[in-house]
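This report concerns only the one structure given below.
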Amino acid sequence: PYRLRPLAGTATPPLRHPGRPGPATVRTAAHLTLPGSARHIALTFDDGPHPVHTPAVLRVLRRYQAPATFFIIGENAAWNPDLIKAINADGHLIANHSWSHPQLNLIPTWRVRRELGRTCDLIERALGAPPRFARAPYGAWHGPSLRVCAELGMEPMGWSIDTLDWKEPGSRTIRSRVLDGARPGAVVLAHDGGGDRSQTVDALAHYLPRLIDRGYTPVPLTDPAPA
């Protein structure tokens with residue numbers, strides 16, 4: 001279960017895993033931006049799927065034909081399986097945000113494996129392929145969780161623009177944080193679950209067409225260059 005692979009010795013060599021052509025390297029930290037220098041921007045949404053807010057986010061993204069990445073919580077996905085299919089059908093990338101949203105650096109390694117592994121298995125059953133990316137709840141990666149992430153064949157992700165939308169600061173503040181922080185290769189953190197995300201949806205409808213007008217191309221997360 002969970003597709004873990006044993007490691008020999010004390011080094012951190014690349015690990016081969018199903019679903020991706022190359023090795024998974026044990027990273028020392030999460031990726032914060034996209035590789036390359038193109039005028040790309042990655043919109044990412046955590047904590048879903050949610051039966052109200054996820055479809056609302058999808059409608060805005062569909063309006064502008066903008067692909068995004070959804071970091072799902074496994075137990076939410078188990079309760080809303082049709083939304084996983086809807087996210088995938090619209091061409092978005094689905095990634096791993098643990099099973100129940102614990103802070104990974106505060107739990108034992110066996111539980112990190114269970115949290116990430118159960119959600120890997122759920123995604124693979126739903127989509128036919130395991131996820132390529134994971135984001136630790138609260139961004140709280142540490143050495144053991146980074147190692148488990150690699151064993152499961154995923155790249156650890158962070159972000160470079162934090163909308164802080166979970167604080168519900170108002171859609172005007174959320175959209176300003178995105179538009180003011182936009183840079184080529186930026187990774188935007190927002191949420192489609194975990195609370196009332198109507199401000200997030202309103203802000204997305206405002207900033208997304210303006211990003212496109214500024215010459216940004218929304219893209220899903222991209223595999224980093226080999227280490």
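Scheme for the structure tokens: letters A, B, ... for chains in order shown; per-chain residue numbers from 1; ligand numbers from 1 in order shown.
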Contacts of Thr163 (chain A) at 12 Å (only C-alpha atoms; same-chain gap of 5+ positions) as a PyMOL selection string: chain A and resi 43-46+168-182+187-191+197+199-200+203-204+207
Nearest candidate to His50 (chain A) (options A:Ala86, A:Leu146, A:Met154, A:Ala136; using only C-alpha atoms):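 Once distances to His50 (chain A) are computed over only C-alpha atoms, the minimum belongs to A:Ala86.
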Nearby residues (only C-alpha atoms) at most 6 Å from region 218-220 of chain A, same-chain spacing under 3 positions excluded, as a PyMOL selection string: chain A and resi 40-42+66-69
Strand (DSSP E or B) call set, DSSP backbone run, region 73-225 of chain A, as a list in words: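 Output for region 73-225 of chain A, strand (DSSP E or B) only: Leu93, Ile94, Ala95, Asn96, Phe133, Ala134, Glu155, Pro156, Met157, Ile161, Asp162, Ala186, Val187, Val188, Leu189, Ala190, His191, Thr217 and Pro218 of chain A.
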Closest of A:Ser198, A:Asn76, A:Thr222, A:Ser145 to Ala56 (chain A) - atom-to-atom distances counting only C-alpha atoms: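 Nearest candidate to Ala56 (chain A) out of A:Ser198, A:Asn76, A:Thr222, A:Ser145: A:Ser198.
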Residues within 12 Å of Gln65 (chain A), only C-alpha atoms, excluding chain neighbours under 6 positions, as a list of chain:residue names: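 With the cut-off at 12 Å, the set is A:Leu58, A:Arg59, A:Asp90, A:Gly91, A:His92, A:Leu208, A:Pro209, A:Ile212, A:Thr217, A:Pro218, A:Val219.
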Minimum-distance residue to Arg132 (chain A), chosen among A:His97, A:Arg183, A:His53, A:His206 (using only C-alpha atoms):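 Result for the nearest residue to Arg132 (chain A): A:His97.
Residues in contact range of Leu127 (chain A), defined as at most 10 Å between only C-alpha atoms, with sequence neighbours fewer than 6 positions away removed, read Ile84, Lys85, Asn88, Ile94 and Asp121 of chain A.
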Would you save the residues of that selection, restricted to C-alpha atoms, as a PDB file, in the first residue's frame?
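Result file is result.pdb:
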```pdb
ATOM      1  CA  ILE A  84     -12.746  14.908  -8.534  1.00  0.00           C
ATOM      2  CA  LYS A  85     -14.082  13.762 -11.894  1.00  0.00           C
ATOM      3  CA  ASN A  88     -10.161  16.314 -14.012  1.00  0.00           C
ATOM      4  CA  ILE A  94      -5.118  17.168  -9.103  1.00  0.00           C
ATOM      5  CA  ASP A 121      -4.172   5.878  -3.594  1.00  0.00           C
TER       6      ASP A 121
END
```
Backbone-only DSSP, helix (DSSP H, G or I) members of region 6-188 of chain A, as a ChimeraX atom specification: /A:53-63,74-79,81-89,104-106,109-127,137-139,143-151,165-167,171-181
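For the pair CA of Pro224 (chain A) and CA of Ala186 (chain A), the separation is 13.7 Å.
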For Arg147 (chain A), the nearest of the candidates A:Arg27, A:Leu122, A:Asn80, A:Gly74, counting only C-alpha atoms: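 Nearest candidate to Arg147 (chain A) out of A:Arg27, A:Leu122, A:Asn80, A:Gly74: A:Arg27.
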Length of the CA of Gly139 (chain A) to CA of Arg63 (chain A) vector [Å]: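 A separation of 29.9 Å between them.
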Pairwise distance for CA of Thr33 (chain A) and CA of Ile87 (chain A), rounded to one decimal in Å: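 Computing the Euclidean distance for CA of Thr33 (chain A) and CA of Ile87 (chain A) yields 22.5 Å.
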Counting only C-alpha atoms, the residue of A:Arg118, A:Arg214, A:Arg125, A:Arg135 that sits nearest Gln103 (chain A): A:Arg135
Which residue of A:Pro102, A:Pro137, A:Pro144, A:Pro55 approaches Val201 (chain A) most closely, using only C-alpha atoms: A:Pro55
